[in-house]
Amino acid sequence: MQKIFCLFLLCCITSLQGQEYFLKKYEPFQENIPSPEEFLGYGIGERHTRHDLIVAYFKKLAEVSERVTFYEYGKTHEGRILSMLTVTTPENLNNLEALKAEHLAFTDPQRTPSNYDEVPVFINLAYNVHGNEPSSSEAALLSAYTLAASNAPEILRYLRNAVIFIDPAINPDGRDRHTQWANTYQGSPLVADPQDAEHDEYWPGGRTNHYWFDLNRDWLLAINPESRGKLGWYHEWYPNVVTDFHEMGSQSTYFFEPMKTNGSLDPIMPKENYEDLNSMFGAYYAKALDSIGSLYFTKEVFDGTYPGYGSSYPDLQGGLGLLFEQASSRGHKQTTAFGEITFPFTIRNQFTSSITTVRAAVENKTYLRKYQQDFFKSALTNANKSSIKAYKFGDNYDQNRVKAFIDKLLLHKIKVYKDGDKSYVVPTNQPQYRMVQTMFETYTKYRDSVYYDASAWSVANFYNIAYTAVSKANLGTAVLSTDDLAMVSAVQRSNYAYLIDWDDYNAPAVLNYLQKNGLVLSAAFKPFTSKTSSGNRSFNYGTLLVPVELQKKSSEEVFELLKEAQTKFKVPMYAVSSGFNLMGVDLGSRFVQPVTAPKAAMIIGEGVRSYEAGEVWHLLDTRVHMPITKIPMRNFAGADLDKYNSLVMVSGSYSFNEKTMGKLKAWVEKGNTLITIGGASKWAIDKKLVKESLIKVDKDSTKSAERKPYVDAGENLGKESVGGIIVRAQLDLTHPLGFGYRNEIIPVYKNNSVWLSPSKNEYSTVAKYTAQPLIDGFITDTNRDEYLKPSASLLVSPLGSGRVVLFADNPNFRGSWYGTNKLFLNALFLGNHINVPK
């Protein structure tokens, strides 16, 4: 009770003490260096600080303090600066390149330096990856000021023994979205009522970045510029310790590591990391938080199984990633079961943990350096123990998809070599062996069955890469860049027609580009073989035809547009001089149909899963360069749907009244295409919009339930959810949704419990899970055998003259499922040409 009372008092008096509440312990401070309060004009915690002011303050510190330098490592989608403040002694700063070289020697398994205690420890204090968890960036301001200006003996000792890199906001776009909200609704006096608007952002909230991506899941996948910039910085410096500051529900307290037991049966990071180091640092945090009366907990929740968090990726690079979770004030002050929690109080805990991290790292720098050295040496040892010496992969038909995968490998410093014209090899005997495992290895057995996030992440499967583990491999030329990986022969001029290969990942972008520039194209609904300017060639389902004489542009203008498109997207194109094909249908066949340009819209807003909506928006914006109209849910009833021929509905709660449902149904029946993903597919079935059904397993209602301990309820129920697995689906390659694929067995990602029954229409089940579906991840036997195996992954259901495309799974998951993006893009570009036999 005494600790709870102390917590209550701290929450209440925080705003009365101003700067002393945070900083008194570290006096004296250099008078020529402004504190955050002096620079901003308000005390930390009195308002939420805009990102531009954070950057301006960091630049000011670099200007006035000889301990500090400022570095810009990238920009966000919205153009905000991604910054890093380096803080250490002036002597260390002046000698930083030499210190960096000494530091990096410990990451080279071919070298054996032993000056563990002589090189400063490298620490990355990283904050605010979730934009609406704002206390950490405010703590970053306090940490930067303390390290730059304090002359306390404790701080001076840290600076001599450490190089500290402060990243104040990993997600500036999301932070500013939340900052604007919190400051706009701030009351005077403050309103602590949890129902006040200040504590409840409108959709999509500030958690995510511009395209509504969760950047804390993006370290491994590296889809966004924020992550790519950070990874570029990371692999230049390889810090020994990395912090990852978050917030959680207001009714909680404070969390620091150790986490719950790692779910993997045999984690690829050393046991020393998640047991010894976590416990070592945890003792420091406990002591520091005890000293200010804060409550906390450890070990109960969260896990480091998925390697793509800010708190787990460093664990695969010889460092120590550390997660912190602070109960959020969700604004400036809020009522909780413990009393009123204030914004300054949340900041104080994060600031305390920040400085404590520096202390723990400095006092254990010899241990941390030896650990990082042993980590990379053990990578080679582990690789040599394995019977797998390399992974071979390639694709004869889609160089751009392979190029995107290799880009991901190189970004993580994985060595890749040429193994023929369109074949590559990744050896296991390399310092990044654990990242090689992350990319290629799959697992189906686990120690735990309840996951904070995904249980499967073999990235090669994300890209639908066919790969083989081999016991011996000859290495060819090292691949150092992706610049020349998608090489295509320059398209030759034709006065008759051009053929464009639909197998390539970038083909939809080419189609959009040419349609946008006024060309009319057709798609082949049957394969054929043509005599081209490059010789005889077989063409797959979906091949695009550009007939020259049918265009409103001259043959020269058509040729120039094709050259521009090929230069931009590197897609194979071929000139032909005759419509009479060597085999298969001719170019004038009824199976070669003009393609209608998509006019796409998507419903967004309250109730819609922003992650999935953002993935659609991001895919079309950044890879297809095609606009999509985003219609807020509040406006949908009055929207003019006749402007569109395709409508996307991702998972969400769609509370349409009878009139709006009738409007949607009538629009589809006119001949348009509705594309539903995940939960929206279940919604369409539940609302009887389509004549499809869900898998239902009859349970014996007369049988008594087996008694189980109440305390185990969360774990037992949690394992029944499908948190993220990779499964096999069998795809109908002759269906327009399957155009561009060559192998009928493809990996798909499932992270929901949407179980579609195969359609009663024999032509409507486009993809169905196989008899042995599991590739990677945890699923219960019941879910696998009774729900997954009998289910369909993709259906097309007729509705009047139109159709509904129902995805059970998300083909665009986290912007990284290159292997199934084509299914979704086929639905957009070819969906209106699907006539389901009835």
# chains A, B, ... in the order shown; residues from 1 in each chain; ligands from 1
>>> select_by_dssp(residues="segment 384-488 of chain A", states="helix (DSSP H, G or I)", output="PyMOL selection string")
chain A and resi 384-385+399-411+433-440+459-462
>>> write_last_selection(atoms="N, CA and C atoms", output="PDB file, in the first residue's frame")
ATOM      1  N   ASN A 384      29.361 -23.755 -39.038  1.00  0.00           N
ATOM      2  CA  ASN A 384      30.197 -24.916 -39.372  1.00  0.00           C
ATOM      3  C   ASN A 384      29.628 -26.218 -38.814  1.00  0.00           C
ATOM      4  N   LYS A 385      28.868 -26.124 -37.730  1.00  0.00           N
ATOM      5  CA  LYS A 385      28.242 -27.322 -37.165  1.00  0.00           C
ATOM      6  C   LYS A 385      27.062 -27.799 -38.000  1.00  0.00           C
ATOM      7  N   GLN A 399      12.512 -11.368 -62.302  1.00  0.00           N
ATOM      8  CA  GLN A 399      13.762 -10.850 -61.749  1.00  0.00           C
ATOM      9  C   GLN A 399      13.527  -9.742 -60.733  1.00  0.00           C
ATOM     10  N   ASN A 400      12.460  -8.972 -60.887  1.00  0.00           N
ATOM     11  CA  ASN A 400      12.238  -7.853 -59.977  1.00  0.00           C
ATOM     12  C   ASN A 400      11.852  -8.313 -58.581  1.00  0.00           C
ATOM     13  N   ARG A 401      11.115  -9.424 -58.492  1.00  0.00           N
ATOM     14  CA  ARG A 401      10.788  -9.968 -57.167  1.00  0.00           C
ATOM     15  C   ARG A 401      12.049 -10.497 -56.496  1.00  0.00           C
ATOM     16  N   VAL A 402      12.891 -11.183 -57.255  1.00  0.00           N
ATOM     17  CA  VAL A 402      14.161 -11.680 -56.710  1.00  0.00           C
ATOM     18  C   VAL A 402      15.057 -10.508 -56.308  1.00  0.00           C
ATOM     19  N   LYS A 403      15.069  -9.473 -57.126  1.00  0.00           N
ATOM     20  CA  LYS A 403      15.862  -8.282 -56.818  1.00  0.00           C
ATOM     21  C   LYS A 403      15.436  -7.676 -55.485  1.00  0.00           C
ATOM     22  N   ALA A 404      14.126  -7.594 -55.246  1.00  0.00           N
ATOM     23  CA  ALA A 404      13.627  -7.030 -53.995  1.00  0.00           C
ATOM     24  C   ALA A 404      14.056  -7.875 -52.809  1.00  0.00           C
ATOM     25  N   PHE A 405      14.082  -9.199 -52.979  1.00  0.00           N
ATOM     26  CA  PHE A 405      14.534 -10.082 -51.902  1.00  0.00           C
ATOM     27  C   PHE A 405      16.021  -9.893 -51.627  1.00  0.00           C
ATOM     28  N   ILE A 406      16.813  -9.798 -52.682  1.00  0.00           N
ATOM     29  CA  ILE A 406      18.253  -9.614 -52.503  1.00  0.00           C
ATOM     30  C   ILE A 406      18.540  -8.255 -51.863  1.00  0.00           C
ATOM     31  N   ASP A 407      17.761  -7.255 -52.212  1.00  0.00           N
ATOM     32  CA  ASP A 407      17.899  -5.947 -51.554  1.00  0.00           C
ATOM     33  C   ASP A 407      17.760  -6.099 -50.048  1.00  0.00           C
ATOM     34  N   LYS A 408      16.810  -6.932 -49.616  1.00  0.00           N
ATOM     35  CA  LYS A 408      16.594  -7.155 -48.188  1.00  0.00           C
ATOM     36  C   LYS A 408      17.790  -7.874 -47.572  1.00  0.00           C
ATOM     37  N   LEU A 409      18.347  -8.839 -48.265  1.00  0.00           N
ATOM     38  CA  LEU A 409      19.516  -9.548 -47.751  1.00  0.00           C
ATOM     39  C   LEU A 409      20.693  -8.597 -47.580  1.00  0.00           C
ATOM     40  N   LEU A 410      20.942  -7.785 -48.583  1.00  0.00           N
ATOM     41  CA  LEU A 410      22.087  -6.872 -48.532  1.00  0.00           C
ATOM     42  C   LEU A 410      21.903  -5.808 -47.453  1.00  0.00           C
ATOM     43  N   LEU A 411      20.669  -5.366 -47.248  1.00  0.00           N
ATOM     44  CA  LEU A 411      20.407  -4.371 -46.216  1.00  0.00           C
ATOM     45  C   LEU A 411      20.792  -4.877 -44.834  1.00  0.00           C
ATOM     46  N   TYR A 433      25.309 -15.161 -39.963  1.00  0.00           N
ATOM     47  CA  TYR A 433      24.672 -16.471 -40.061  1.00  0.00           C
ATOM     48  C   TYR A 433      23.292 -16.477 -39.410  1.00  0.00           C
ATOM     49  N   ARG A 434      23.148 -15.809 -38.286  1.00  0.00           N
ATOM     50  CA  ARG A 434      21.837 -15.820 -37.614  1.00  0.00           C
ATOM     51  C   ARG A 434      20.782 -15.084 -38.440  1.00  0.00           C
ATOM     52  N   MET A 435      21.191 -14.077 -39.199  1.00  0.00           N
ATOM     53  CA  MET A 435      20.245 -13.431 -40.099  1.00  0.00           C
ATOM     54  C   MET A 435      19.938 -14.332 -41.295  1.00  0.00           C
ATOM     55  N   VAL A 436      20.899 -15.123 -41.735  1.00  0.00           N
ATOM     56  CA  VAL A 436      20.634 -16.109 -42.792  1.00  0.00           C
ATOM     57  C   VAL A 436      19.571 -17.094 -42.301  1.00  0.00           C
ATOM     58  N   GLN A 437      19.718 -17.558 -41.064  1.00  0.00           N
ATOM     59  CA  GLN A 437      18.707 -18.443 -40.487  1.00  0.00           C
ATOM     60  C   GLN A 437      17.339 -17.774 -40.479  1.00  0.00           C
ATOM     61  N   THR A 438      17.313 -16.507 -40.112  1.00  0.00           N
ATOM     62  CA  THR A 438      16.059 -15.759 -40.052  1.00  0.00           C
ATOM     63  C   THR A 438      15.385 -15.688 -41.423  1.00  0.00           C
ATOM     64  N   MET A 439      16.192 -15.585 -42.462  1.00  0.00           N
ATOM     65  CA  MET A 439      15.639 -15.451 -43.809  1.00  0.00           C
ATOM     66  C   MET A 439      15.104 -16.766 -44.372  1.00  0.00           C
ATOM     67  N   PHE A 440      15.739 -17.879 -44.011  1.00  0.00           N
ATOM     68  CA  PHE A 440      15.444 -19.131 -44.712  1.00  0.00           C
ATOM     69  C   PHE A 440      14.862 -20.242 -43.842  1.00  0.00           C
ATOM     70  N   VAL A 459      11.673 -15.013 -44.303  1.00  0.00           N
ATOM     71  CA  VAL A 459      11.451 -13.935 -45.262  1.00  0.00           C
ATOM     72  C   VAL A 459      11.458 -14.430 -46.700  1.00  0.00           C
ATOM     73  N   ALA A 460      12.208 -15.480 -46.999  1.00  0.00           N
ATOM     74  CA  ALA A 460      12.199 -16.023 -48.360  1.00  0.00           C
ATOM     75  C   ALA A 460      10.788 -16.405 -48.782  1.00  0.00           C
ATOM     76  N   ASN A 461       9.993 -16.895 -47.845  1.00  0.00           N
ATOM     77  CA  ASN A 461       8.607 -17.247 -48.167  1.00  0.00           C
ATOM     78  C   ASN A 461       7.751 -16.013 -48.400  1.00  0.00           C
ATOM     79  N   PHE A 462       8.079 -14.898 -47.757  1.00  0.00           N
ATOM     80  CA  PHE A 462       7.348 -13.660 -48.011  1.00  0.00           C
ATOM     81  C   PHE A 462       7.431 -13.292 -49.494  1.00  0.00           C
TER      82      PHE A 462
END
>>> residues_around(residues="His618 of chain A", least_positions_apart="3", cutoff="10 Å", atoms="only C-alpha atoms", output="list of chain:residue names")
A:His210, A:Tyr211, A:Trp212, A:Phe213, A:Ile223, A:Asn224, A:Glu612, A:Ala613, A:Gly614, A:Glu615, A:Asp621, A:Thr622, A:Arg623, A:Val624, A:His625, A:Asn812, A:Arg814, A:Gly815
>>> residues_around(residues="Ala360 of chain A", least_positions_apart="3", cutoff="9 Å", atoms="only C-alpha atoms", output="compact mmCIF listing (two decimals) with all heavy atoms, in the first residue's frame")
# COMPACT_ATOMS: atom_id res chain seq x y z
N MET A 280 21.01 -8.96 -15.61
CA MET A 280 22.03 -8.01 -15.15
C MET A 280 21.51 -6.58 -15.23
O MET A 280 21.59 -5.82 -14.27
CB MET A 280 23.29 -8.15 -16.02
CG MET A 280 24.39 -7.14 -15.71
SD MET A 280 25.68 -7.17 -16.98
CE MET A 280 26.32 -8.84 -16.77
N PHE A 281 20.95 -6.22 -16.38
CA PHE A 281 20.44 -4.85 -16.55
C PHE A 281 19.16 -4.64 -15.73
O PHE A 281 18.92 -3.56 -15.21
CB PHE A 281 20.20 -4.55 -18.03
CG PHE A 281 21.42 -4.05 -18.75
CD1 PHE A 281 22.53 -4.86 -18.92
CD2 PHE A 281 21.47 -2.77 -19.24
CE1 PHE A 281 23.66 -4.42 -19.59
CE2 PHE A 281 22.60 -2.29 -19.90
CZ PHE A 281 23.70 -3.12 -20.07
N TYR A 284 19.60 -3.21 -12.31
CA TYR A 284 19.84 -1.76 -12.29
C TYR A 284 18.51 -1.00 -12.35
O TYR A 284 18.31 -0.02 -11.63
CB TYR A 284 20.71 -1.36 -13.48
CG TYR A 284 22.18 -1.62 -13.31
CD1 TYR A 284 22.73 -2.86 -13.63
CD2 TYR A 284 23.05 -0.62 -12.86
CE1 TYR A 284 24.09 -3.11 -13.51
CE2 TYR A 284 24.41 -0.84 -12.73
CZ TYR A 284 24.93 -2.10 -13.05
OH TYR A 284 26.28 -2.33 -12.91
N TYR A 285 17.61 -1.43 -13.24
CA TYR A 285 16.33 -0.72 -13.38
C TYR A 285 15.50 -0.83 -12.11
O TYR A 285 14.86 0.15 -11.69
CB TYR A 285 15.56 -1.26 -14.58
CG TYR A 285 16.31 -1.12 -15.88
CD1 TYR A 285 16.51 -2.20 -16.71
CD2 TYR A 285 16.84 0.11 -16.27
CE1 TYR A 285 17.22 -2.09 -17.90
CE2 TYR A 285 17.56 0.25 -17.45
CZ TYR A 285 17.74 -0.86 -18.26
OH TYR A 285 18.45 -0.74 -19.42
N ILE A 355 18.94 7.03 -18.29
CA ILE A 355 20.24 7.26 -17.64
C ILE A 355 20.74 5.98 -16.97
O ILE A 355 21.95 5.70 -16.94
CB ILE A 355 20.13 8.41 -16.64
CG1 ILE A 355 19.68 9.71 -17.34
CG2 ILE A 355 21.46 8.64 -15.94
CD1 ILE A 355 20.60 10.17 -18.45
N THR A 356 19.81 5.19 -16.46
CA THR A 356 20.20 3.92 -15.83
C THR A 356 20.79 2.97 -16.87
O THR A 356 21.73 2.22 -16.57
CB THR A 356 18.99 3.26 -15.15
OG1 THR A 356 18.46 4.17 -14.18
CG2 THR A 356 19.38 1.97 -14.47
N THR A 357 20.28 2.99 -18.09
CA THR A 357 20.84 2.17 -19.17
C THR A 357 22.29 2.55 -19.42
O THR A 357 23.17 1.68 -19.59
CB THR A 357 20.03 2.34 -20.46
OG1 THR A 357 18.70 1.88 -20.24
CG2 THR A 357 20.65 1.56 -21.61
N GLU A 363 29.17 0.37 -16.63
CA GLU A 363 29.73 -0.46 -15.57
C GLU A 363 29.92 -1.92 -15.99
O GLU A 363 30.54 -2.69 -15.26
CB GLU A 363 28.83 -0.36 -14.33
CG GLU A 363 28.85 1.04 -13.73
CD GLU A 363 28.03 1.16 -12.45
OE1 GLU A 363 27.43 0.14 -12.02
OE2 GLU A 363 27.99 2.27 -11.87
N ASN A 364 29.42 -2.27 -17.17
CA ASN A 364 29.59 -3.64 -17.66
C ASN A 364 30.13 -3.65 -19.09
O ASN A 364 29.89 -4.59 -19.85
CB ASN A 364 28.25 -4.38 -17.62
CG ASN A 364 27.74 -4.58 -16.21
OD1 ASN A 364 28.17 -5.47 -15.50
ND2 ASN A 364 26.81 -3.71 -15.79
N LYS A 365 30.88 -2.62 -19.44
CA LYS A 365 31.32 -2.50 -20.83
C LYS A 365 32.28 -3.61 -21.23
O LYS A 365 32.24 -4.09 -22.37
CB LYS A 365 31.94 -1.13 -21.09
CG LYS A 365 33.28 -0.86 -20.44
CD LYS A 365 33.83 0.48 -20.94
CE LYS A 365 35.22 0.74 -20.39
NZ LYS A 365 35.84 1.94 -20.96
>>> atom_distance(atom1="atom CA of Pro736 of chain A", atom2="atom CA of Gly542 of chain A")
7.2 Å
>>> closest_residue(among="A:Pro28, A:Pro239, A:Gly321, A:Pro773", to="Tyr309 of chain A", atoms="only C-alpha atoms")
A:Gly321
>>> residues_around(residues="segment 589-599 of chain A", least_positions_apart="3", cutoff="7 Å", atoms="only C-alpha atoms", output="ChimeraX atom specification")
/A:515,521-526,585-586,644-646,828-830
>>> residues_around(residues="segment 345-347 of chain A", least_positions_apart="2", cutoff="9 Å", atoms="only C-alpha atoms", output="VMD selection string")
chain A and resid 10 to 12 14 to 15 22 44 to 45 134 to 139 247 326 to 329 341 to 343 349 to 352
>>> write_last_selection(atoms="N, CA and C atoms", output="PDB file, in the first residue's frame")
ATOM      1  N   LEU A  10       3.344  11.003  -6.354  1.00  0.00           N
ATOM      2  CA  LEU A  10       4.220  11.421  -7.444  1.00  0.00           C
ATOM      3  C   LEU A  10       3.410  11.924  -8.627  1.00  0.00           C
ATOM      4  N   CYS A  11       2.321  11.209  -8.945  1.00  0.00           N
ATOM      5  CA  CYS A  11       1.485  11.615 -10.063  1.00  0.00           C
ATOM      6  C   CYS A  11       0.887  12.990  -9.821  1.00  0.00           C
ATOM      7  N   CYS A  12       0.498  13.261  -8.597  1.00  0.00           N
ATOM      8  CA  CYS A  12      -0.210  14.505  -8.296  1.00  0.00           C
ATOM      9  C   CYS A  12       0.718  15.716  -8.246  1.00  0.00           C
ATOM     10  N   THR A  14       3.742  16.097  -9.662  1.00  0.00           N
ATOM     11  CA  THR A  14       4.720  16.240 -10.731  1.00  0.00           C
ATOM     12  C   THR A  14       4.714  17.632 -11.352  1.00  0.00           C
ATOM     13  N   SER A  15       3.537  18.114 -11.740  1.00  0.00           N
ATOM     14  CA  SER A  15       3.460  19.366 -12.483  1.00  0.00           C
ATOM     15  C   SER A  15       3.862  20.567 -11.638  1.00  0.00           C
ATOM     16  N   PHE A  22      12.856  16.454 -12.562  1.00  0.00           N
ATOM     17  CA  PHE A  22      13.622  15.536 -13.389  1.00  0.00           C
ATOM     18  C   PHE A  22      15.138  15.623 -13.140  1.00  0.00           C
ATOM     19  N   ILE A  44       8.978  20.481 -19.422  1.00  0.00           N
ATOM     20  CA  ILE A  44       8.752  19.152 -19.984  1.00  0.00           C
ATOM     21  C   ILE A  44       7.530  18.526 -19.314  1.00  0.00           C
ATOM     22  N   GLY A  45       6.615  18.050 -20.136  1.00  0.00           N
ATOM     23  CA  GLY A  45       5.395  17.436 -19.639  1.00  0.00           C
ATOM     24  C   GLY A  45       4.206  18.371 -19.591  1.00  0.00           C
ATOM     25  N   PRO A 134       4.152   8.971 -26.356  1.00  0.00           N
ATOM     26  CA  PRO A 134       5.021  10.142 -26.491  1.00  0.00           C
ATOM     27  C   PRO A 134       5.987  10.416 -25.359  1.00  0.00           C
ATOM     28  N   SER A 135       5.835   9.756 -24.219  1.00  0.00           N
ATOM     29  CA  SER A 135       6.673  10.111 -23.071  1.00  0.00           C
ATOM     30  C   SER A 135       8.157   9.923 -23.374  1.00  0.00           C
ATOM     31  N   SER A 136       8.466   8.977 -24.251  1.00  0.00           N
ATOM     32  CA  SER A 136       9.879   8.665 -24.462  1.00  0.00           C
ATOM     33  C   SER A 136      10.624   9.789 -25.167  1.00  0.00           C
ATOM     34  N   SER A 137      10.002  10.456 -26.153  1.00  0.00           N
ATOM     35  CA  SER A 137      10.704  11.551 -26.832  1.00  0.00           C
ATOM     36  C   SER A 137      10.948  12.728 -25.897  1.00  0.00           C
ATOM     37  N   GLU A 138      10.019  12.948 -24.968  1.00  0.00           N
ATOM     38  CA  GLU A 138      10.245  13.992 -23.964  1.00  0.00           C
ATOM     39  C   GLU A 138      11.416  13.588 -23.066  1.00  0.00           C
ATOM     40  N   ALA A 139      11.497  12.284 -22.745  1.00  0.00           N
ATOM     41  CA  ALA A 139      12.637  11.795 -21.965  1.00  0.00           C
ATOM     42  C   ALA A 139      13.931  11.936 -22.751  1.00  0.00           C
ATOM     43  N   GLU A 247       4.809   2.753 -24.567  1.00  0.00           N
ATOM     44  CA  GLU A 247       3.772   2.947 -23.556  1.00  0.00           C
ATOM     45  C   GLU A 247       2.726   1.854 -23.709  1.00  0.00           C
ATOM     46  N   GLN A 326       5.742   1.924 -20.452  1.00  0.00           N
ATOM     47  CA  GLN A 326       5.244   2.822 -19.407  1.00  0.00           C
ATOM     48  C   GLN A 326       3.724   2.954 -19.523  1.00  0.00           C
ATOM     49  N   ALA A 327       3.029   2.816 -18.400  1.00  0.00           N
ATOM     50  CA  ALA A 327       1.599   3.105 -18.403  1.00  0.00           C
ATOM     51  C   ALA A 327       1.385   4.524 -18.913  1.00  0.00           C
ATOM     52  N   SER A 328       0.482   4.679 -19.877  1.00  0.00           N
ATOM     53  CA  SER A 328       0.347   5.951 -20.571  1.00  0.00           C
ATOM     54  C   SER A 328      -0.673   6.870 -19.925  1.00  0.00           C
ATOM     55  N   SER A 329      -0.383   8.157 -19.937  1.00  0.00           N
ATOM     56  CA  SER A 329      -1.381   9.137 -19.506  1.00  0.00           C
ATOM     57  C   SER A 329      -2.339   9.461 -20.649  1.00  0.00           C
ATOM     58  N   ILE A 341      -2.671   9.732 -13.208  1.00  0.00           N
ATOM     59  CA  ILE A 341      -1.336   9.606 -13.778  1.00  0.00           C
ATOM     60  C   ILE A 341      -1.102  10.793 -14.704  1.00  0.00           C
ATOM     61  N   THR A 342       0.034  11.452 -14.544  1.00  0.00           N
ATOM     62  CA  THR A 342       0.321  12.653 -15.321  1.00  0.00           C
ATOM     63  C   THR A 342       1.401  12.386 -16.350  1.00  0.00           C
ATOM     64  N   PHE A 343       1.418  13.222 -17.356  1.00  0.00           N
ATOM     65  CA  PHE A 343       2.418  13.117 -18.414  1.00  0.00           C
ATOM     66  C   PHE A 343       3.838  13.258 -17.853  1.00  0.00           C
ATOM     67  N   ASN A 349       9.805   8.244 -15.430  1.00  0.00           N
ATOM     68  CA  ASN A 349      10.194   6.835 -15.443  1.00  0.00           C
ATOM     69  C   ASN A 349      11.074   6.522 -16.653  1.00  0.00           C
ATOM     70  N   GLN A 350      10.686   7.059 -17.825  1.00  0.00           N
ATOM     71  CA  GLN A 350      11.465   6.788 -19.044  1.00  0.00           C
ATOM     72  C   GLN A 350      12.847   7.443 -18.962  1.00  0.00           C
ATOM     73  N   PHE A 351      12.897   8.632 -18.435  1.00  0.00           N
ATOM     74  CA  PHE A 351      14.175   9.329 -18.272  1.00  0.00           C
ATOM     75  C   PHE A 351      15.068   8.578 -17.285  1.00  0.00           C
ATOM     76  N   THR A 352      14.485   8.123 -16.186  1.00  0.00           N
ATOM     77  CA  THR A 352      15.246   7.355 -15.195  1.00  0.00           C
ATOM     78  C   THR A 352      15.847   6.107 -15.823  1.00  0.00           C
TER      79      THR A 352
END
>>> closest_atom_pairs(of="segment 57-87 of chain A", to="segment 198-209 of chain A", cutoff="10 Å", atoms="only C-alpha atoms", output="tab-separated table")
residue	atom	partner	partner_atom	distance
A:Thr76	CA	A:Asn209	CA	8.4
A:His77	CA	A:Asn209	CA	8.1
A:Glu78	CA	A:Asn209	CA	9.1
>>> write_last_selection(atoms="all heavy atoms", output="PDB file, in the first residue's frame")
ATOM      1  N   THR A  76      11.398  10.883 -43.366  1.00  0.00           N
ATOM      2  CA  THR A  76      10.182  10.077 -43.369  1.00  0.00           C
ATOM      3  C   THR A  76       9.434  10.273 -44.686  1.00  0.00           C
ATOM      4  O   THR A  76       9.800  11.103 -45.528  1.00  0.00           O
ATOM      5  CB  THR A  76       9.265  10.487 -42.217  1.00  0.00           C
ATOM      6  OG1 THR A  76       8.741  11.806 -42.492  1.00  0.00           O
ATOM      7  CG2 THR A  76      10.016  10.518 -40.895  1.00  0.00           C
ATOM      8  N   HIS A  77       8.343   9.525 -44.839  1.00  0.00           N
ATOM      9  CA  HIS A  77       7.494   9.703 -46.011  1.00  0.00           C
ATOM     10  C   HIS A  77       7.001  11.139 -46.126  1.00  0.00           C
ATOM     11  O   HIS A  77       6.832  11.654 -47.234  1.00  0.00           O
ATOM     12  CB  HIS A  77       6.276   8.775 -45.924  1.00  0.00           C
ATOM     13  CG  HIS A  77       6.581   7.343 -46.210  1.00  0.00           C
ATOM     14  ND1 HIS A  77       6.968   6.893 -47.452  1.00  0.00           N
ATOM     15  CD2 HIS A  77       6.531   6.244 -45.409  1.00  0.00           C
ATOM     16  CE1 HIS A  77       7.145   5.585 -47.424  1.00  0.00           C
ATOM     17  NE2 HIS A  77       6.892   5.169 -46.191  1.00  0.00           N
ATOM     18  N   GLU A  78       6.781  11.801 -44.990  1.00  0.00           N
ATOM     19  CA  GLU A  78       6.268  13.171 -44.999  1.00  0.00           C
ATOM     20  C   GLU A  78       7.377  14.216 -44.949  1.00  0.00           C
ATOM     21  O   GLU A  78       7.109  15.403 -44.798  1.00  0.00           O
ATOM     22  CB  GLU A  78       5.288  13.362 -43.832  1.00  0.00           C
ATOM     23  CG  GLU A  78       4.048  12.480 -43.969  1.00  0.00           C
ATOM     24  CD  GLU A  78       3.077  12.608 -42.805  1.00  0.00           C
ATOM     25  OE1 GLU A  78       3.263  13.510 -41.955  1.00  0.00           O
ATOM     26  OE2 GLU A  78       2.131  11.796 -42.731  1.00  0.00           O
TER      27      GLU A  78
END
>>> closest_atom_pairs(of="segment 30-72 of chain A", to="segment 149-160 of chain A", cutoff="9 Å", atoms="only C-alpha atoms", output="JSON lines")
{"residue": "A:Gln30", "atom": "CA", "partner": "A:Ala149", "partner_atom": "CA", "distance": 5.1}
{"residue": "A:Glu31", "atom": "CA", "partner": "A:Ala149", "partner_atom": "CA", "distance": 8.1}
{"residue": "A:Asn32", "atom": "CA", "partner": "A:Ala149", "partner_atom": "CA", "distance": 8.6}
{"residue": "A:Ile33", "atom": "CA", "partner": "A:Ala149", "partner_atom": "CA", "distance": 6.3}
{"residue": "A:Pro34", "atom": "CA", "partner": "A:Ala149", "partner_atom": "CA", "distance": 8.6}
{"residue": "A:Ser35", "atom": "CA", "partner": "A:Ala149", "partner_atom": "CA", "distance": 8.5}
{"residue": "A:Leu61", "atom": "CA", "partner": "A:Ala149", "partner_atom": "CA", "distance": 8.8}
{"residue": "A:Ser65", "atom": "CA", "partner": "A:Ala149", "partner_atom": "CA", "distance": 7.4}
{"residue": "A:Arg67", "atom": "CA", "partner": "A:Ala149", "partner_atom": "CA", "distance": 8.5}
>>> residues_around(residues="segment 298-307 of chain A", least_positions_apart="6", cutoff="9 Å", atoms="only C-alpha atoms", output="list in words")
Arg217, Trp219, Leu220, Tyr254, Phe255, Phe256, Glu257, Pro258, Met259, Lys260, Thr261, Asn262, Gly263, Ser264, Pro267, Tyr274, Gly282, Tyr313, Pro314, Asp315, Leu316, Thr438, Tyr451, Tyr452, Asp453, Ala454, Ser455, Ala456 and Trp457 of chain A
>>> residues_around(residues="Thr184 of chain A", least_positions_apart="5", cutoff="10 Å", atoms="only C-alpha atoms", output="list in words")
His178, Thr179, Ala197 and Glu198 of chain A
